Amino acid sequence: MYKMEYIKIEKLWGRKDIEIYFNPDINIFIGKNGSGKTTLTN
């Protein structure tokens, strides 16, 4: 089975660079509407 350890996105919405390291057990994304939670998971 493959597991993602981290994700790096450059120029999210043309302006933000983000890098997220995942916990091997569980990860929860919390944020305001329109902040990119669904975009990140897709």
# chains A, B, ... in the order shown; residues from 1 in each chain; ligands from 1
>>> select_by_dssp(residues="chain A", states="strand (DSSP E or B)", output="PDB file with all heavy atoms, in the first residue's frame")
ATOM      1  N   TYR A   6       4.109  13.608   2.225  1.00  0.00           N
ATOM      2  CA  TYR A   6       3.938  15.055   2.167  1.00  0.00           C
ATOM      3  C   TYR A   6       3.448  15.451   0.781  1.00  0.00           C
ATOM      4  O   TYR A   6       3.490  14.663  -0.163  1.00  0.00           O
ATOM      5  CB  TYR A   6       5.235  15.794   2.517  1.00  0.00           C
ATOM      6  CG  TYR A   6       6.279  15.774   1.429  1.00  0.00           C
ATOM      7  CD1 TYR A   6       6.410  16.840   0.549  1.00  0.00           C
ATOM      8  CD2 TYR A   6       7.132  14.701   1.273  1.00  0.00           C
ATOM      9  CE1 TYR A   6       7.368  16.826  -0.445  1.00  0.00           C
ATOM     10  CE2 TYR A   6       8.077  14.671   0.292  1.00  0.00           C
ATOM     11  CZ  TYR A   6       8.202  15.739  -0.567  1.00  0.00           C
ATOM     12  OH  TYR A   6       9.139  15.721  -1.557  1.00  0.00           O
ATOM     13  N   ILE A   7       2.991  16.674   0.683  1.00  0.00           N
ATOM     14  CA  ILE A   7       2.564  17.218  -0.599  1.00  0.00           C
ATOM     15  C   ILE A   7       3.090  18.645  -0.706  1.00  0.00           C
ATOM     16  O   ILE A   7       3.142  19.379   0.284  1.00  0.00           O
ATOM     17  CB  ILE A   7       1.029  17.182  -0.753  1.00  0.00           C
ATOM     18  CG1 ILE A   7       0.611  17.602  -2.152  1.00  0.00           C
ATOM     19  CG2 ILE A   7       0.360  18.056   0.286  1.00  0.00           C
ATOM     20  CD1 ILE A   7      -0.842  17.341  -2.460  1.00  0.00           C
ATOM     21  N   LYS A   8       3.538  18.993  -1.890  1.00  0.00           N
ATOM     22  CA  LYS A   8       4.045  20.340  -2.142  1.00  0.00           C
ATOM     23  C   LYS A   8       3.305  20.893  -3.354  1.00  0.00           C
ATOM     24  O   LYS A   8       3.256  20.250  -4.401  1.00  0.00           O
ATOM     25  CB  LYS A   8       5.543  20.303  -2.418  1.00  0.00           C
ATOM     26  CG  LYS A   8       6.139  21.659  -2.679  1.00  0.00           C
ATOM     27  CD  LYS A   8       7.638  21.566  -2.891  1.00  0.00           C
ATOM     28  CE  LYS A   8       8.239  22.921  -3.121  1.00  0.00           C
ATOM     29  NZ  LYS A   8       9.691  22.836  -3.318  1.00  0.00           N
ATOM     30  N   ILE A   9       2.716  22.065  -3.186  1.00  0.00           N
ATOM     31  CA  ILE A   9       1.995  22.716  -4.272  1.00  0.00           C
ATOM     32  C   ILE A   9       2.596  24.097  -4.473  1.00  0.00           C
ATOM     33  O   ILE A   9       2.690  24.881  -3.521  1.00  0.00           O
ATOM     34  CB  ILE A   9       0.489  22.841  -3.960  1.00  0.00           C
ATOM     35  CG1 ILE A   9      -0.119  21.462  -3.718  1.00  0.00           C
ATOM     36  CG2 ILE A   9      -0.228  23.575  -5.093  1.00  0.00           C
ATOM     37  CD1 ILE A   9      -1.554  21.490  -3.259  1.00  0.00           C
ATOM     38  N   GLU A  10       3.015  24.369  -5.696  1.00  0.00           N
ATOM     39  CA  GLU A  10       3.572  25.678  -6.009  1.00  0.00           C
ATOM     40  C   GLU A  10       2.526  26.501  -6.740  1.00  0.00           C
ATOM     41  O   GLU A  10       1.845  26.016  -7.630  1.00  0.00           O
ATOM     42  CB  GLU A  10       4.819  25.533  -6.866  1.00  0.00           C
ATOM     43  CG  GLU A  10       5.946  24.811  -6.147  1.00  0.00           C
ATOM     44  CD  GLU A  10       7.174  24.624  -7.000  1.00  0.00           C
ATOM     45  OE1 GLU A  10       7.132  24.961  -8.209  1.00  0.00           O
ATOM     46  OE2 GLU A  10       8.172  24.132  -6.465  1.00  0.00           O
ATOM     47  N   LYS A  11       2.403  27.735  -6.340  1.00  0.00           N
ATOM     48  CA  LYS A  11       1.502  28.717  -6.970  1.00  0.00           C
ATOM     49  C   LYS A  11       0.035  28.291  -6.904  1.00  0.00           C
ATOM     50  O   LYS A  11      -0.685  28.353  -7.890  1.00  0.00           O
ATOM     51  CB  LYS A  11       1.907  28.990  -8.415  1.00  0.00           C
ATOM     52  CG  LYS A  11       3.324  29.494  -8.579  1.00  0.00           C
ATOM     53  CD  LYS A  11       3.518  30.812  -7.898  1.00  0.00           C
ATOM     54  CE  LYS A  11       4.946  31.291  -8.089  1.00  0.00           C
ATOM     55  NZ  LYS A  11       5.298  32.362  -7.188  1.00  0.00           N
ATOM     56  N   LEU A  12      -0.413  27.839  -5.717  1.00  0.00           N
ATOM     57  CA  LEU A  12      -1.826  27.543  -5.517  1.00  0.00           C
ATOM     58  C   LEU A  12      -2.599  28.817  -5.743  1.00  0.00           C
ATOM     59  O   LEU A  12      -2.307  29.838  -5.124  1.00  0.00           O
ATOM     60  CB  LEU A  12      -2.057  26.993  -4.118  1.00  0.00           C
ATOM     61  CG  LEU A  12      -3.501  26.653  -3.744  1.00  0.00           C
ATOM     62  CD1 LEU A  12      -4.000  25.494  -4.620  1.00  0.00           C
ATOM     63  CD2 LEU A  12      -3.608  26.265  -2.280  1.00  0.00           C
ATOM     64  N   LYS A  16       0.216  31.164  -3.916  1.00  0.00           N
ATOM     65  CA  LYS A  16       0.695  30.549  -2.676  1.00  0.00           C
ATOM     66  C   LYS A  16       1.479  29.278  -2.953  1.00  0.00           C
ATOM     67  O   LYS A  16       1.063  28.453  -3.757  1.00  0.00           O
ATOM     68  CB  LYS A  16      -0.481  30.194  -1.757  1.00  0.00           C
ATOM     69  CG  LYS A  16      -1.160  31.368  -1.140  1.00  0.00           C
ATOM     70  CD  LYS A  16      -2.177  30.909  -0.123  1.00  0.00           C
ATOM     71  CE  LYS A  16      -2.817  32.081   0.565  1.00  0.00           C
ATOM     72  NZ  LYS A  16      -3.733  31.664   1.615  1.00  0.00           N
ATOM     73  N   ASP A  17       2.602  29.143  -2.274  1.00  0.00           N
ATOM     74  CA  ASP A  17       3.356  27.886  -2.265  1.00  0.00           C
ATOM     75  C   ASP A  17       3.100  27.233  -0.910  1.00  0.00           C
ATOM     76  O   ASP A  17       3.259  27.880   0.127  1.00  0.00           O
ATOM     77  CB  ASP A  17       4.848  28.135  -2.424  1.00  0.00           C
ATOM     78  CG  ASP A  17       5.202  28.715  -3.784  1.00  0.00           C
ATOM     79  OD1 ASP A  17       4.394  28.586  -4.719  1.00  0.00           O
ATOM     80  OD2 ASP A  17       6.302  29.285  -3.910  1.00  0.00           O
ATOM     81  N   ILE A  18       2.684  25.970  -0.925  1.00  0.00           N
ATOM     82  CA  ILE A  18       2.436  25.278   0.339  1.00  0.00           C
ATOM     83  C   ILE A  18       3.115  23.922   0.332  1.00  0.00           C
ATOM     84  O   ILE A  18       3.324  23.306  -0.718  1.00  0.00           O
ATOM     85  CB  ILE A  18       0.924  25.106   0.638  1.00  0.00           C
ATOM     86  CG1 ILE A  18       0.240  24.274  -0.437  1.00  0.00           C
ATOM     87  CG2 ILE A  18       0.237  26.437   0.808  1.00  0.00           C
ATOM     88  CD1 ILE A  18      -1.172  23.887  -0.087  1.00  0.00           C
ATOM     89  N   GLU A  19       3.498  23.476   1.512  1.00  0.00           N
ATOM     90  CA  GLU A  19       4.082  22.154   1.700  1.00  0.00           C
ATOM     91  C   GLU A  19       3.502  21.599   2.996  1.00  0.00           C
ATOM     92  O   GLU A  19       3.575  22.242   4.040  1.00  0.00           O
ATOM     93  CB  GLU A  19       5.598  22.260   1.782  1.00  0.00           C
ATOM     94  CG  GLU A  19       6.288  20.941   1.688  1.00  0.00           C
ATOM     95  CD  GLU A  19       7.780  21.092   1.457  1.00  0.00           C
ATOM     96  OE1 GLU A  19       8.252  22.203   1.161  1.00  0.00           O
ATOM     97  OE2 GLU A  19       8.470  20.078   1.569  1.00  0.00           O
ATOM     98  N   ILE A  20       2.890  20.422   2.910  1.00  0.00           N
ATOM     99  CA  ILE A  20       2.231  19.817   4.057  1.00  0.00           C
ATOM    100  C   ILE A  20       2.815  18.428   4.282  1.00  0.00           C
ATOM    101  O   ILE A  20       2.879  17.616   3.360  1.00  0.00           O
ATOM    102  CB  ILE A  20       0.709  19.706   3.826  1.00  0.00           C
ATOM    103  CG1 ILE A  20       0.106  21.090   3.630  1.00  0.00           C
ATOM    104  CG2 ILE A  20       0.040  18.991   4.982  1.00  0.00           C
ATOM    105  CD1 ILE A  20      -1.338  21.064   3.196  1.00  0.00           C
ATOM    106  N   TYR A  21       3.223  18.172   5.509  1.00  0.00           N
ATOM    107  CA  TYR A  21       3.706  16.843   5.900  1.00  0.00           C
ATOM    108  C   TYR A  21       2.573  16.146   6.643  1.00  0.00           C
ATOM    109  O   TYR A  21       2.000  16.698   7.576  1.00  0.00           O
ATOM    110  CB  TYR A  21       4.946  16.958   6.784  1.00  0.00           C
ATOM    111  CG  TYR A  21       6.147  17.398   5.999  1.00  0.00           C
ATOM    112  CD1 TYR A  21       6.415  18.744   5.806  1.00  0.00           C
ATOM    113  CD2 TYR A  21       6.992  16.466   5.427  1.00  0.00           C
ATOM    114  CE1 TYR A  21       7.498  19.153   5.055  1.00  0.00           C
ATOM    115  CE2 TYR A  21       8.083  16.860   4.679  1.00  0.00           C
ATOM    116  CZ  TYR A  21       8.332  18.206   4.499  1.00  0.00           C
ATOM    117  OH  TYR A  21       9.402  18.604   3.750  1.00  0.00           O
TER     118      TYR A  21
END
>>> residues_around(residues="Glu5 (chain A)", least_positions_apart="3", cutoff="8 Å", atoms="only C-alpha atoms", output="list in words")
Tyr21, Phe22, Asn23 and Pro24 of chain A
>>> write_last_selection(atoms="C-alpha atoms", output="PDB file, in the first residue's frame")
ATOM      1  CA  TYR A  21       3.706  16.843   5.900  1.00  0.00           C
ATOM      2  CA  PHE A  22       1.133  14.200   6.778  1.00  0.00           C
ATOM      3  CA  ASN A  23       0.834  12.323  10.052  1.00  0.00           C
ATOM      4  CA  PRO A  24       0.954   8.551   9.412  1.00  0.00           C
TER       5      PRO A  24
END
>>> decode(residues="region 29-42 of chain A", atoms="all heavy atoms", output="PDB file, in the first residue's frame")
ATOM      1  N   PHE A  29      -8.340  18.300   7.847  1.00  0.00           N
ATOM      2  CA  PHE A  29      -8.215  19.625   7.248  1.00  0.00           C
ATOM      3  C   PHE A  29      -9.364  20.492   7.743  1.00  0.00           C
ATOM      4  O   PHE A  29     -10.527  20.152   7.557  1.00  0.00           O
ATOM      5  CB  PHE A  29      -8.254  19.544   5.718  1.00  0.00           C
ATOM      6  CG  PHE A  29      -7.082  18.799   5.144  1.00  0.00           C
ATOM      7  CD1 PHE A  29      -7.229  17.512   4.671  1.00  0.00           C
ATOM      8  CD2 PHE A  29      -5.839  19.381   5.095  1.00  0.00           C
ATOM      9  CE1 PHE A  29      -6.157  16.821   4.151  1.00  0.00           C
ATOM     10  CE2 PHE A  29      -4.749  18.702   4.585  1.00  0.00           C
ATOM     11  CZ  PHE A  29      -4.907  17.418   4.113  1.00  0.00           C
ATOM     12  N   ILE A  30      -9.025  21.601   8.353  1.00  0.00           N
ATOM     13  CA  ILE A  30     -10.019  22.534   8.884  1.00  0.00           C
ATOM     14  C   ILE A  30      -9.733  23.910   8.307  1.00  0.00           C
ATOM     15  O   ILE A  30      -8.585  24.352   8.273  1.00  0.00           O
ATOM     16  CB  ILE A  30      -9.941  22.597  10.430  1.00  0.00           C
ATOM     17  CG1 ILE A  30     -10.205  21.220  11.030  1.00  0.00           C
ATOM     18  CG2 ILE A  30     -10.912  23.636  10.967  1.00  0.00           C
ATOM     19  CD1 ILE A  30      -9.957  21.146  12.521  1.00  0.00           C
ATOM     20  N   GLY A  31     -10.792  24.581   7.848  1.00  0.00           N
ATOM     21  CA  GLY A  31     -10.621  25.933   7.332  1.00  0.00           C
ATOM     22  C   GLY A  31     -11.935  26.526   6.890  1.00  0.00           C
ATOM     23  O   GLY A  31     -12.954  25.844   6.816  1.00  0.00           O
ATOM     24  N   LYS A  32     -11.888  27.804   6.581  1.00  0.00           N
ATOM     25  CA  LYS A  32     -13.070  28.521   6.117  1.00  0.00           C
ATOM     26  C   LYS A  32     -13.504  28.013   4.748  1.00  0.00           C
ATOM     27  O   LYS A  32     -12.706  27.423   4.015  1.00  0.00           O
ATOM     28  CB  LYS A  32     -12.766  30.018   6.003  1.00  0.00           C
ATOM     29  CG  LYS A  32     -12.468  30.690   7.297  1.00  0.00           C
ATOM     30  CD  LYS A  32     -12.188  32.167   7.052  1.00  0.00           C
ATOM     31  CE  LYS A  32     -11.861  32.881   8.339  1.00  0.00           C
ATOM     32  NZ  LYS A  32     -11.564  34.302   8.107  1.00  0.00           N
ATOM     33  N   ASN A  33     -14.762  28.279   4.408  1.00  0.00           N
ATOM     34  CA  ASN A  33     -15.251  27.967   3.066  1.00  0.00           C
ATOM     35  C   ASN A  33     -14.406  28.721   2.048  1.00  0.00           C
ATOM     36  O   ASN A  33     -14.089  29.895   2.241  1.00  0.00           O
ATOM     37  CB  ASN A  33     -16.713  28.373   2.910  1.00  0.00           C
ATOM     38  CG  ASN A  33     -17.648  27.490   3.692  1.00  0.00           C
ATOM     39  OD1 ASN A  33     -17.268  26.429   4.150  1.00  0.00           O
ATOM     40  ND2 ASN A  33     -18.879  27.930   3.841  1.00  0.00           N
ATOM     41  N   GLY A  34     -14.034  28.027   0.985  1.00  0.00           N
ATOM     42  CA  GLY A  34     -13.253  28.652  -0.073  1.00  0.00           C
ATOM     43  C   GLY A  34     -11.771  28.732   0.222  1.00  0.00           C
ATOM     44  O   GLY A  34     -11.032  29.396  -0.503  1.00  0.00           O
ATOM     45  N   SER A  35     -11.298  28.072   1.273  1.00  0.00           N
ATOM     46  CA  SER A  35      -9.877  28.160   1.627  1.00  0.00           C
ATOM     47  C   SER A  35      -9.022  27.130   0.901  1.00  0.00           C
ATOM     48  O   SER A  35      -7.799  27.207   0.987  1.00  0.00           O
ATOM     49  CB  SER A  35      -9.696  28.036   3.138  1.00  0.00           C
ATOM     50  OG  SER A  35     -10.119  26.761   3.587  1.00  0.00           O
ATOM     51  N   GLY A  36      -9.630  26.139   0.218  1.00  0.00           N
ATOM     52  CA  GLY A  36      -8.877  25.187  -0.588  1.00  0.00           C
ATOM     53  C   GLY A  36      -8.796  23.778  -0.042  1.00  0.00           C
ATOM     54  O   GLY A  36      -7.990  22.984  -0.513  1.00  0.00           O
ATOM     55  N   LYS A  37      -9.608  23.424   0.937  1.00  0.00           N
ATOM     56  CA  LYS A  37      -9.580  22.074   1.504  1.00  0.00           C
ATOM     57  C   LYS A  37      -9.893  21.026   0.442  1.00  0.00           C
ATOM     58  O   LYS A  37      -9.167  20.044   0.309  1.00  0.00           O
ATOM     59  CB  LYS A  37     -10.563  21.960   2.664  1.00  0.00           C
ATOM     60  CG  LYS A  37     -10.289  22.897   3.831  1.00  0.00           C
ATOM     61  CD  LYS A  37     -11.331  22.781   4.913  1.00  0.00           C
ATOM     62  CE  LYS A  37     -12.724  23.028   4.479  1.00  0.00           C
ATOM     63  NZ  LYS A  37     -13.102  24.407   4.168  1.00  0.00           N
ATOM     64  N   THR A  38     -10.936  21.219  -0.312  1.00  0.00           N
ATOM     65  CA  THR A  38     -11.303  20.264  -1.355  1.00  0.00           C
ATOM     66  C   THR A  38     -10.289  20.272  -2.487  1.00  0.00           C
ATOM     67  O   THR A  38      -9.922  19.210  -3.006  1.00  0.00           O
ATOM     68  CB  THR A  38     -12.703  20.592  -1.904  1.00  0.00           C
ATOM     69  OG1 THR A  38     -13.629  20.551  -0.815  1.00  0.00           O
ATOM     70  CG2 THR A  38     -13.129  19.592  -2.958  1.00  0.00           C
ATOM     71  N   THR A  39      -9.789  21.424  -2.845  1.00  0.00           N
ATOM     72  CA  THR A  39      -8.748  21.519  -3.882  1.00  0.00           C
ATOM     73  C   THR A  39      -7.523  20.715  -3.467  1.00  0.00           C
ATOM     74  O   THR A  39      -6.950  19.983  -4.274  1.00  0.00           O
ATOM     75  CB  THR A  39      -8.357  22.979  -4.119  1.00  0.00           C
ATOM     76  OG1 THR A  39      -9.511  23.701  -4.545  1.00  0.00           O
ATOM     77  CG2 THR A  39      -7.273  23.112  -5.165  1.00  0.00           C
ATOM     78  N   LEU A  40      -7.137  20.817  -2.226  1.00  0.00           N
ATOM     79  CA  LEU A  40      -5.987  20.079  -1.721  1.00  0.00           C
ATOM     80  C   LEU A  40      -6.211  18.584  -1.785  1.00  0.00           C
ATOM     81  O   LEU A  40      -5.351  17.832  -2.230  1.00  0.00           O
ATOM     82  CB  LEU A  40      -5.685  20.502  -0.286  1.00  0.00           C
ATOM     83  CG  LEU A  40      -4.535  19.768   0.390  1.00  0.00           C
ATOM     84  CD1 LEU A  40      -3.226  20.060  -0.315  1.00  0.00           C
ATOM     85  CD2 LEU A  40      -4.469  20.165   1.844  1.00  0.00           C
ATOM     86  N   THR A  41      -7.360  18.109  -1.358  1.00  0.00           N
ATOM     87  CA  THR A  41      -7.614  16.678  -1.344  1.00  0.00           C
ATOM     88  C   THR A  41      -7.802  16.106  -2.749  1.00  0.00           C
ATOM     89  O   THR A  41      -7.527  14.929  -2.973  1.00  0.00           O
ATOM     90  CB  THR A  41      -8.829  16.309  -0.468  1.00  0.00           C
ATOM     91  OG1 THR A  41      -9.968  17.011  -0.929  1.00  0.00           O
ATOM     92  CG2 THR A  41      -8.568  16.663   0.980  1.00  0.00           C
ATOM     93  N   ASN A  42      -8.286  16.915  -3.680  1.00  0.00           N
ATOM     94  CA  ASN A  42      -8.421  16.442  -5.069  1.00  0.00           C
ATOM     95  C   ASN A  42      -7.059  16.344  -5.708  1.00  0.00           C
ATOM     96  O   ASN A  42      -6.783  15.541  -6.520  1.00  0.00           O
ATOM     97  CB  ASN A  42      -9.315  17.368  -5.881  1.00  0.00           C
ATOM     98  CG  ASN A  42     -10.759  17.221  -5.500  1.00  0.00           C
ATOM     99  OD1 ASN A  42     -11.177  16.209  -4.987  1.00  0.00           O
ATOM    100  ND2 ASN A  42     -11.530  18.257  -5.729  1.00  0.00           N
TER     101      ASN A  42
END
